[in-house]
Amino acid sequence: MTILAKAIRGSPAYRWWMAALAAAIVSGVVLWVRQWNQGLVLTGMSRDVAWGLYVGQFTFFVGVAASAVTVVLPYYLHAWKAFHRVVILGELLAIASIVVSLLFIVVDMGRPDRLLNVLLYPSPSSLMFWDMLALTGYLALNAMLARAALAAEIDGAPPAAWTRAIMLISIPWAVSIHTVTAFLYAGLAGRPFWLTAVMAPRFLASAFAAGPALLILLCRAFRYDAGEEALRKLRLVMTCAMTANVFLALMEVFTVFYSGIPEHAAHYSPWTWLSGGFAAVALAMALGRSRYAPAAVFASLLIDKGVVLIPAGFIPSPAGAMTPYIPTAVELGIVLAIWSVGALLVTVLFRIAIAAREAEAGGRAARPELTFPRRITMDKV
Amino acid sequence: MKITRKAFLALLAAATRAFGRPRPRRMAMAIDLAKCWKDRGCTRCAQACHAAHNVPRIPDPRREIKWIWKERFENAFGEESAGPAVAGAPVPLLCNHCEHPPCVKVCPTGATWKRESDGLVMMDEHRCIGCRYCMAACPYGSRSFNWSDPRPFLRAIDPAYPTRARGVVEKCTFCSERLARGAQPACVEVCPPKAMVFGDAADPSSAVAQLLRARYSFRRKPGLGAGPNVFYLL
């Protein structure tokens with residue numbers, strides 16, 4: 001049986017899971033066609049709150065994509081051999097996250113049929129132009145890397161030499177995608193909530209916490225034994241990055257409230273404080289080594305960056321209007337569908353990677369000195 | 001004397017230098033608030049503008065489209081700038097046609113741009129992809145998005161001006177179509193107390209330039225560096 005066939009066949013539970021994802025995706029497509037026909041009036045966005053959940057989720061998943069660097073860099077540059085079993089998962093997660101974030105941009109556009117205008121009329125003064133280059137380039141780099149790594153794994157050979165060059169480029173590139181995404185917001189003079197030099201560093205810190213947290217959760221979900229040492233190090237990266245994120249958020253709070261500039265302080269609402277409270281609880285759990293810390297860190301950052309950050313920048317409006325933003329069912333259905341696309345990609349890609357690893361482990365069994373311990377405990381593939 | 005091709009080209013180049021590139025104009029508006037406040041309930045400028053440009057009247061205020069409208073003084077200029085004498089007074093707001101327009105800087109397709117000949121911030125609704133980055137960037141809330149098809153909300157359609165479709169951004173254009181035929185903007189023309197004065201601020205002899213030399217003027221959020229070309233007089 002080929003690797004791919006092994007990867008896409010599975011137990012009844014797996015088939016139900018794929019069916020549920022497919023159902024969510026189909027209903028999301030139906031909702032998106034409705035949104036296209038009737039307009040973004042079907043969302044909760046408004047003249048004052050021009051961006052909402054779609055742009056927030058885009059931002060969050062660019063961060064998850066960038067966080068592959070937290071396994072790629074230690075493994076390739078610092079030879080943290082512990083990450084041997086997770087590095088491919090990090091690269092595959094980056095691919096799925098980029099696809100997800102690009103989909104969030106497409107559903108947010110008023111005229112998605114004119115998407116190519118961004119290429120036909122390139123505008124270097126717009127950060128969106130650079131973000132598009134950074135994201136598509138990163139997608140290509142990771143697709144090449146992951147493909148080469150998987151092929152090498154299946155052949156039982158070391159990866160080709162040229163992949164090292166790609167890998168070295170991908171490290172600063174990962175940092176760049178989230179820096180440029182922060183610049184989308186941090187360069188707007190008229191939006192004091194985002195107008196902060198701490199935006200890009202904070203984006204990176206929160207990304208490097210959310211990404212490893214998600215990798216830990218995915219290893220559990222796939223019952224994939226990444227190794228004790230790898231999980232410990234992923235938790236360490238997550239905890240350090242989350243500490244940095246909360247620290248940077250507190251820096252922002254100090255500057256805003258000690259300076260006392262009303263336009264800056266006005267954007268802090270019960271929602272932003274609640275989100276900050278979640279982050280503090282998640283950090284406490286991570287420091288206390290709670291088993292649930294990865295879930296708490298991931299959820300708190302999904303809320304902070306993916307839900308609160310964008311609307312909070314629009315409320316109040318430049319003219320002081322406090323227009324509320326409440327996402328509609330259509331918006332939530334489309335968000336769920338795009339998550340499902342990501343989950344589907346992760347499921348298939350991870351199963352291919354795990355099946356390839358299994359094949360490799362099986363193939364090497366004849367040579368005991370090279371054998372990896374057979375840690376894969378997946379259900380009967 | 002026979003004119004050689006070389007001489008002809010040299011002559012052409014000299015003529016182009018002399019006459020070809022007119023000095024760029026800088027269109028600006030000065031709004032005398034004291035005159036405007038003679039009738040605080042007046043909405044003639046908005047009516048005339050919205051009728052001339054097929055701007056729909058959308059009942060949901062969250063989804064409305066407006067090119068020129070009135071806002072309370074403290075909302076237009078900030079709580080800190082509004083003393084008791086002016087607090088609550090209505091101020092006409094429109095696109096400021098900034099010197100350094102933040103909307104133009106962020107637009108990923110060049111669908112909005114600053115026209116070199118006269119400084120108007122233009123908008124091509126046929127190129128706009130509806131990303132609304134310009135709305136996030138504009139510090140003045142001057143831009144509107146067509147959240148749905150605007151045409152059902154038009155009571156009468158003026159065939160002289162295009163309507164828009166859902167999914168694109170629009171805004172005040174300083175009536176570029178009227179300027180092209182030598183007319184004043186619709187709001188300026190219709191204003192009963194003649195509170196609005198429009199013209200080329202780069203031309204010292206223009207009425208707006210003279211007014212700005214003679215009177216104290218102020219602009220919205222000058223500290224942001226966008227350089228609005230709508231001035232208020234009081």
# chains A, B, ... in the order shown; residues from 1 in each chain; ligands from 1
call {"tool": "residues_around", "arguments": {"residues": "region 321-324 of chain A", "least_positions_apart": "5", "cutoff": "7 Å", "atoms": "only C-alpha atoms", "output": "VMD selection string"}}
result
chain A and resid 48 315 to 316
call {"tool": "write_last_selection", "arguments": {"atoms": "N, CA, C and O atoms", "output": "tab-separated table (two decimals), in the first residue's frame"}}
result
chain	number	residue	atom	x	y	z
A	48	ASP	N	-18.06	51.96	10.55
A	48	ASP	CA	-17.08	52.30	11.58
A	48	ASP	C	-16.13	51.14	11.89
A	48	ASP	O	-14.95	51.37	12.17
A	315	ILE	N	-12.98	50.70	17.59
A	315	ILE	CA	-13.97	51.19	18.55
A	315	ILE	C	-13.23	51.91	19.67
A	315	ILE	O	-12.48	51.27	20.40
A	316	PRO	N	-13.38	53.21	19.86
A	316	PRO	CA	-14.21	54.10	19.07
A	316	PRO	C	-13.63	54.43	17.69
A	316	PRO	O	-12.44	54.27	17.46
call {"tool": "closest_atom_pairs", "arguments": {"of": "chain A", "to": "chain B", "cutoff": "8 Å", "atoms": "only C-alpha atoms", "output": "JSON lines"}}
result
{"residue": "A:Gln38", "atom": "CA", "partner": "B:Ser148", "partner_atom": "CA", "distance": 6.0}
{"residue": "A:Gly39", "atom": "CA", "partner": "B:Ser148", "partner_atom": "CA", "distance": 4.7}
{"residue": "A:Leu40", "atom": "CA", "partner": "B:Trp147", "partner_atom": "CA", "distance": 5.0}
{"residue": "A:Val41", "atom": "CA", "partner": "B:Trp147", "partner_atom": "CA", "distance": 4.7}
{"residue": "A:Ser46", "atom": "CA", "partner": "B:Arg62", "partner_atom": "CA", "distance": 5.1}
{"residue": "A:Arg47", "atom": "CA", "partner": "B:Arg63", "partner_atom": "CA", "distance": 5.6}
{"residue": "A:Asp48", "atom": "CA", "partner": "B:Arg62", "partner_atom": "CA", "distance": 7.2}
{"residue": "A:Ala50", "atom": "CA", "partner": "B:Arg132", "partner_atom": "CA", "distance": 6.5}
{"residue": "A:Trp51", "atom": "CA", "partner": "B:Arg132", "partner_atom": "CA", "distance": 7.6}
{"residue": "A:Asp108", "atom": "CA", "partner": "B:Cys131", "partner_atom": "CA", "distance": 6.9}
{"residue": "A:Met109", "atom": "CA", "partner": "B:Cys131", "partner_atom": "CA", "distance": 5.0}
{"residue": "A:Gly110", "atom": "CA", "partner": "B:Gly167", "partner_atom": "CA", "distance": 3.8}
{"residue": "A:Arg111", "atom": "CA", "partner": "B:Ile129", "partner_atom": "CA", "distance": 4.8}
{"residue": "A:Pro112", "atom": "CA", "partner": "B:Ile129", "partner_atom": "CA", "distance": 6.6}
{"residue": "A:Asp113", "atom": "CA", "partner": "B:Ile129", "partner_atom": "CA", "distance": 8.0}
{"residue": "A:Arg114", "atom": "CA", "partner": "B:Ile129", "partner_atom": "CA", "distance": 5.5}
{"residue": "A:Leu115", "atom": "CA", "partner": "B:Ile129", "partner_atom": "CA", "distance": 6.5}
{"residue": "A:Asn117", "atom": "CA", "partner": "B:Thr109", "partner_atom": "CA", "distance": 5.9}
{"residue": "A:Val118", "atom": "CA", "partner": "B:Thr109", "partner_atom": "CA", "distance": 5.2}
{"residue": "A:Leu119", "atom": "CA", "partner": "B:Thr109", "partner_atom": "CA", "distance": 8.0}
{"residue": "A:Leu120", "atom": "CA", "partner": "B:Thr109", "partner_atom": "CA", "distance": 7.8}
{"residue": "A:Tyr121", "atom": "CA", "partner": "B:Thr109", "partner_atom": "CA", "distance": 5.1}
{"residue": "A:Pro122", "atom": "CA", "partner": "B:Thr109", "partner_atom": "CA", "distance": 6.2}
{"residue": "A:Ser123", "atom": "CA", "partner": "B:Pro108", "partner_atom": "CA", "distance": 5.4}
{"residue": "A:Pro124", "atom": "CA", "partner": "B:Pro108", "partner_atom": "CA", "distance": 7.9}
{"residue": "A:Ser125", "atom": "CA", "partner": "B:Lys105", "partner_atom": "CA", "distance": 5.5}
{"residue": "A:Ser126", "atom": "CA", "partner": "B:Val106", "partner_atom": "CA", "distance": 4.2}
{"residue": "A:Leu127", "atom": "CA", "partner": "B:Val106", "partner_atom": "CA", "distance": 6.6}
{"residue": "A:Met128", "atom": "CA", "partner": "B:Pro108", "partner_atom": "CA", "distance": 5.9}
{"residue": "A:Phe129", "atom": "CA", "partner": "B:Pro108", "partner_atom": "CA", "distance": 5.7}
{"residue": "A:Leu188", "atom": "CA", "partner": "B:Ala137", "partner_atom": "CA", "distance": 5.5}
{"residue": "A:Ala189", "atom": "CA", "partner": "B:Leu224", "partner_atom": "CA", "distance": 6.1}
{"residue": "A:Gly190", "atom": "CA", "partner": "B:Pro139", "partner_atom": "CA", "distance": 4.2}
{"residue": "A:Arg191", "atom": "CA", "partner": "B:Pro139", "partner_atom": "CA", "distance": 7.2}
{"residue": "A:Phe314", "atom": "CA", "partner": "B:Ala136", "partner_atom": "CA", "distance": 7.8}
{"residue": "A:Ser317", "atom": "CA", "partner": "B:Gly141", "partner_atom": "CA", "distance": 7.6}
{"residue": "A:Pro318", "atom": "CA", "partner": "B:Pro139", "partner_atom": "CA", "distance": 5.9}
{"residue": "A:Ala319", "atom": "CA", "partner": "B:Asn75", "partner_atom": "CA", "distance": 4.7}
{"residue": "A:Gly320", "atom": "CA", "partner": "B:Asn75", "partner_atom": "CA", "distance": 5.7}
{"residue": "A:Thr323", "atom": "CA", "partner": "B:Arg62", "partner_atom": "CA", "distance": 7.6}
call {"tool": "write_last_selection", "arguments": {"atoms": "N, CA, C and O atoms", "output": "compact mmCIF listing (two decimals), in the first residue's frame"}}
result
# COMPACT_ATOMS: atom_id res chain seq x y z
N GLN A 38 -25.02 38.76 -1.89
CA GLN A 38 -25.73 39.85 -1.19
C GLN A 38 -24.79 40.92 -0.65
O GLN A 38 -25.23 42.02 -0.35
N GLY A 39 -23.53 40.59 -0.50
CA GLY A 39 -22.57 41.56 -0.01
C GLY A 39 -22.20 41.30 1.43
O GLY A 39 -22.80 40.48 2.12
N LEU A 40 -21.18 42.04 1.90
CA LEU A 40 -20.70 41.85 3.27
C LEU A 40 -21.68 42.41 4.30
O LEU A 40 -21.39 42.41 5.49
N VAL A 41 -22.85 42.87 3.83
CA VAL A 41 -23.91 43.27 4.74
C VAL A 41 -24.34 42.09 5.60
O VAL A 41 -24.88 42.27 6.69
N SER A 46 -19.22 47.11 9.75
CA SER A 46 -19.97 48.34 9.49
C SER A 46 -19.03 49.43 8.99
O SER A 46 -17.81 49.22 8.90
N ARG A 47 -19.61 50.59 8.70
CA ARG A 47 -18.81 51.72 8.23
C ARG A 47 -17.72 52.07 9.25
O ARG A 47 -16.60 52.41 8.88
N ASP A 48 -18.06 51.96 10.55
CA ASP A 48 -17.08 52.30 11.58
C ASP A 48 -16.13 51.14 11.89
O ASP A 48 -14.95 51.37 12.17
N ALA A 50 -14.63 48.45 10.09
CA ALA A 50 -14.51 47.98 8.71
C ALA A 50 -13.90 46.58 8.62
O ALA A 50 -14.04 45.92 7.60
N TRP A 51 -13.21 46.14 9.67
CA TRP A 51 -12.66 44.79 9.69
C TRP A 51 -13.14 44.08 10.95
O TRP A 51 -13.30 44.72 12.00
N ASP A 108 -12.90 38.03 3.09
CA ASP A 108 -13.11 39.39 3.60
C ASP A 108 -13.24 40.41 2.48
O ASP A 108 -13.70 41.53 2.70
N MET A 109 -12.84 40.03 1.27
CA MET A 109 -12.82 41.01 0.17
C MET A 109 -14.22 41.29 -0.35
O MET A 109 -15.04 40.39 -0.49
N GLY A 110 -14.46 42.56 -0.67
CA GLY A 110 -15.72 42.92 -1.29
C GLY A 110 -15.82 42.41 -2.72
O GLY A 110 -16.88 42.07 -3.21
N ARG A 111 -14.68 42.40 -3.41
CA ARG A 111 -14.65 41.94 -4.80
C ARG A 111 -13.54 40.90 -4.96
O ARG A 111 -12.49 41.18 -5.56
N PRO A 112 -13.77 39.67 -4.45
CA PRO A 112 -12.72 38.65 -4.58
C PRO A 112 -12.40 38.32 -6.04
O PRO A 112 -11.30 37.86 -6.34
N ASP A 113 -13.35 38.62 -6.96
CA ASP A 113 -13.07 38.36 -8.38
C ASP A 113 -11.96 39.28 -8.90
O ASP A 113 -11.43 39.04 -9.98
N ARG A 114 -11.64 40.33 -8.14
CA ARG A 114 -10.57 41.25 -8.58
C ARG A 114 -9.27 41.01 -7.82
O ARG A 114 -8.38 41.88 -7.83
N LEU A 115 -9.15 39.84 -7.19
CA LEU A 115 -7.96 39.54 -6.39
C LEU A 115 -6.66 39.82 -7.14
O LEU A 115 -5.71 40.36 -6.59
N ASN A 117 -5.90 42.01 -9.13
CA ASN A 117 -5.50 43.42 -9.25
C ASN A 117 -4.29 43.73 -8.38
O ASN A 117 -3.52 44.64 -8.68
N VAL A 118 -4.13 42.97 -7.29
CA VAL A 118 -2.97 43.19 -6.42
C VAL A 118 -1.68 42.91 -7.19
O VAL A 118 -0.65 43.55 -6.96
N LEU A 119 -1.73 41.95 -8.13
CA LEU A 119 -0.55 41.65 -8.95
C LEU A 119 -0.49 42.53 -10.19
O LEU A 119 0.59 42.92 -10.63
N LEU A 120 -1.67 42.85 -10.75
CA LEU A 120 -1.69 43.64 -11.99
C LEU A 120 -1.25 45.08 -11.74
O LEU A 120 -0.70 45.72 -12.63
N TYR A 121 -1.54 45.60 -10.54
CA TYR A 121 -1.18 46.98 -10.21
C TYR A 121 -0.35 46.99 -8.94
O TYR A 121 -0.79 47.48 -7.91
N PRO A 122 0.85 46.40 -8.98
CA PRO A 122 1.63 46.28 -7.74
C PRO A 122 1.89 47.64 -7.11
O PRO A 122 2.27 48.59 -7.80
N SER A 123 1.64 47.76 -5.80
CA SER A 123 1.75 49.04 -5.10
C SER A 123 2.68 48.90 -3.90
O SER A 123 2.24 48.57 -2.80
N PRO A 124 3.97 49.13 -4.13
CA PRO A 124 4.95 48.90 -3.05
C PRO A 124 4.74 49.77 -1.82
O PRO A 124 5.28 49.46 -0.76
N SER A 125 3.97 50.86 -1.94
CA SER A 125 3.76 51.68 -0.74
C SER A 125 2.76 51.03 0.20
O SER A 125 2.66 51.42 1.36
N SER A 126 2.03 50.02 -0.28
CA SER A 126 1.05 49.35 0.57
C SER A 126 1.67 48.13 1.23
O SER A 126 2.26 47.28 0.57
N LEU A 127 1.50 48.03 2.56
CA LEU A 127 2.01 46.86 3.27
C LEU A 127 1.31 45.59 2.81
O LEU A 127 1.85 44.50 2.92
N MET A 128 0.10 45.74 2.29
CA MET A 128 -0.62 44.55 1.84
C MET A 128 0.09 43.89 0.67
O MET A 128 0.10 42.67 0.54
N PHE A 129 0.72 44.69 -0.17
CA PHE A 129 1.51 44.17 -1.28
C PHE A 129 2.65 43.30 -0.74
O PHE A 129 2.86 42.17 -1.18
N LEU A 188 -0.58 52.72 10.90
CA LEU A 188 -1.72 53.59 10.60
C LEU A 188 -1.83 54.71 11.65
O LEU A 188 -2.17 54.46 12.81
N ALA A 189 -1.55 55.94 11.20
CA ALA A 189 -1.51 57.07 12.14
C ALA A 189 -2.86 57.30 12.81
O ALA A 189 -2.93 57.77 13.94
N GLY A 190 -3.94 56.97 12.12
CA GLY A 190 -5.26 57.29 12.64
C GLY A 190 -5.85 56.23 13.56
O GLY A 190 -7.00 56.37 13.98
N ARG A 191 -5.12 55.15 13.86
CA ARG A 191 -5.65 54.08 14.71
C ARG A 191 -4.74 53.88 15.92
O ARG A 191 -3.85 53.03 15.92
N PHE A 314 -11.02 49.64 16.02
CA PHE A 314 -12.04 50.46 15.33
C PHE A 314 -13.04 51.09 16.30
O PHE A 314 -13.92 51.84 15.87
N SER A 317 -14.52 54.93 16.82
CA SER A 317 -14.10 55.35 15.49
C SER A 317 -13.33 56.66 15.60
O SER A 317 -13.32 57.28 16.66
N PRO A 318 -12.67 57.08 14.52
CA PRO A 318 -11.93 58.35 14.59
C PRO A 318 -12.82 59.52 15.01
O PRO A 318 -12.33 60.51 15.56
N ALA A 319 -14.14 59.43 14.76
CA ALA A 319 -15.04 60.50 15.17
C ALA A 319 -15.68 60.20 16.52
O ALA A 319 -16.66 60.84 16.89
N GLY A 320 -15.14 59.21 17.24
CA GLY A 320 -15.60 58.96 18.60
C GLY A 320 -16.84 58.09 18.71
O GLY A 320 -17.37 57.91 19.81
N THR A 323 -19.49 52.23 17.82
CA THR A 323 -20.32 51.28 17.09
C THR A 323 -19.94 49.86 17.51
O THR A 323 -18.79 49.48 17.33
call {"tool": "atom_distance", "arguments": {"atom1": "CA of Met251 (chain A)", "atom2": "CA of Val198 (chain A)"}}
result
8.3 Å
call {"tool": "select_by_dssp", "arguments": {"residues": "region 135-253 of chain A", "states": "helix (DSSP H, G or I)", "output": "count of residues only"}}
result
95
call {"tool": "atom_distance", "arguments": {"atom1": "CA of Ala202 (chain B)", "atom2": "CA of Tyr161 (chain B)"}}
result
28.8 Å
call {"tool": "residues_around", "arguments": {"residues": "Met196 (chain B)", "least_positions_apart": "4", "cutoff": "6 Å", "atoms": "only C-alpha atoms", "output": "ChimeraX atom specification"}}
result
/B:30-31,188
call {"tool": "closest_residue", "arguments": {"among": "A:Ser97, A:Thr59, A:Thr328, A:Thr70", "to": "Ile171 (chain A)", "atoms": "only C-alpha atoms"}}
result
A:Thr70
call {"tool": "residues_around", "arguments": {"residues": "Gly137 (chain A)", "least_positions_apart": "5", "cutoff": "10 Å", "atoms": "only C-alpha atoms", "output": "ChimeraX atom specification"}}
result
/A:131-132,142-143,170,173-174,177
call {"tool": "write_last_selection", "arguments": {"atoms": "N, CA and C atoms", "output": "PDB file, in the first residue's frame"}}
result
ATOM      1  N   ASP A 131       2.864  41.976   2.230  1.00  0.00           N
ATOM      2  CA  ASP A 131       2.339  40.836   2.970  1.00  0.00           C
ATOM      3  C   ASP A 131       2.002  39.703   2.006  1.00  0.00           C
ATOM      4  N   MET A 132       1.444  40.077   0.851  1.00  0.00           N
ATOM      5  CA  MET A 132       1.097  39.048  -0.127  1.00  0.00           C
ATOM      6  C   MET A 132       2.363  38.335  -0.608  1.00  0.00           C
ATOM      7  N   ASN A 142       7.829  26.492   2.372  1.00  0.00           N
ATOM      8  CA  ASN A 142       7.467  25.380   3.243  1.00  0.00           C
ATOM      9  C   ASN A 142       6.983  24.176   2.453  1.00  0.00           C
ATOM     10  N   ALA A 143       6.304  24.438   1.333  1.00  0.00           N
ATOM     11  CA  ALA A 143       5.860  23.313   0.509  1.00  0.00           C
ATOM     12  C   ALA A 143       7.083  22.567  -0.031  1.00  0.00           C
ATOM     13  N   SER A 170      14.064  30.138   4.982  1.00  0.00           N
ATOM     14  CA  SER A 170      12.731  30.104   5.592  1.00  0.00           C
ATOM     15  C   SER A 170      12.730  30.658   7.008  1.00  0.00           C
ATOM     16  N   TRP A 173      12.446  34.387   6.868  1.00  0.00           N
ATOM     17  CA  TRP A 173      11.190  34.601   6.141  1.00  0.00           C
ATOM     18  C   TRP A 173      10.002  34.416   7.083  1.00  0.00           C
ATOM     19  N   ALA A 174      10.089  33.431   7.969  1.00  0.00           N
ATOM     20  CA  ALA A 174       8.999  33.191   8.921  1.00  0.00           C
ATOM     21  C   ALA A 174       8.818  34.412   9.821  1.00  0.00           C
ATOM     22  N   ILE A 177       7.073  37.255   7.825  1.00  0.00           N
ATOM     23  CA  ILE A 177       5.638  37.252   7.508  1.00  0.00           C
ATOM     24  C   ILE A 177       4.838  37.869   8.646  1.00  0.00           C
TER      25      ILE A 177
END
call {"tool": "residues_around", "arguments": {"residues": "Trp339 (chain A)", "least_positions_apart": "5", "cutoff": "12 Å", "atoms": "only C-alpha atoms", "output": "list in words"}}
result
Leu21, Ala22, Ala24, Ile25, Gly28, Tyr54, Gln57, Phe58, Phe60, Phe61, Ala96, Ser97, Ile98, Val99, Val100, Ser101, Leu102, Leu103, Phe104, Leu332, Gly333, Ile334, Leu344, Leu345 and Val346 of chain A
call {"tool": "write_last_selection", "arguments": {"atoms": "C-alpha atoms", "output": "short mmCIF file (atom, residue, chain, number, x, y, z; two decimals), in the first residue's frame"}}
result
data_model
loop_
_atom_site.label_atom_id
_atom_site.label_comp_id
_atom_site.auth_asym_id
_atom_site.auth_seq_id
_atom_site.Cartn_x
_atom_site.Cartn_y
_atom_site.Cartn_z
CA LEU A 21 -15.12 18.59 8.22
CA ALA A 22 -16.48 18.13 4.71
CA ALA A 24 -18.65 22.24 7.58
CA ILE A 25 -16.71 23.18 4.45
CA GLY A 28 -19.28 27.42 4.51
CA TYR A 54 -12.07 37.50 9.14
CA GLN A 57 -8.41 35.18 12.14
CA PHE A 58 -6.15 35.94 9.19
CA PHE A 60 -3.80 34.84 14.09
CA PHE A 61 -3.12 32.10 11.54
CA ALA A 96 -2.07 24.56 6.41
CA SER A 97 -2.01 27.86 8.36
CA ILE A 98 -0.94 29.90 5.34
CA VAL A 99 -3.75 28.38 3.29
CA VAL A 100 -6.19 29.22 6.11
CA SER A 101 -4.97 32.81 6.43
CA LEU A 102 -5.17 33.40 2.67
CA LEU A 103 -8.74 32.05 2.67
CA PHE A 104 -9.65 34.51 5.41
CA LEU A 332 -19.24 32.34 12.17
CA GLY A 333 -20.24 29.65 9.66
CA ILE A 334 -17.59 30.85 7.19
CA LEU A 344 -8.62 18.74 6.90
CA LEU A 345 -5.21 19.75 5.56
CA VAL A 346 -3.55 19.06 8.90
#
call {"tool": "atom_distance", "arguments": {"atom1": "CA of Glu99 (chain B)", "atom2": "CA of Val180 (chain A)"}}
result
25.6 Å
call {"tool": "residues_around", "arguments": {"residues": "Gln47 (chain B)", "least_positions_apart": "4", "cutoff": "9 Å", "atoms": "only C-alpha atoms", "output": "count of residues only"}}
result
5
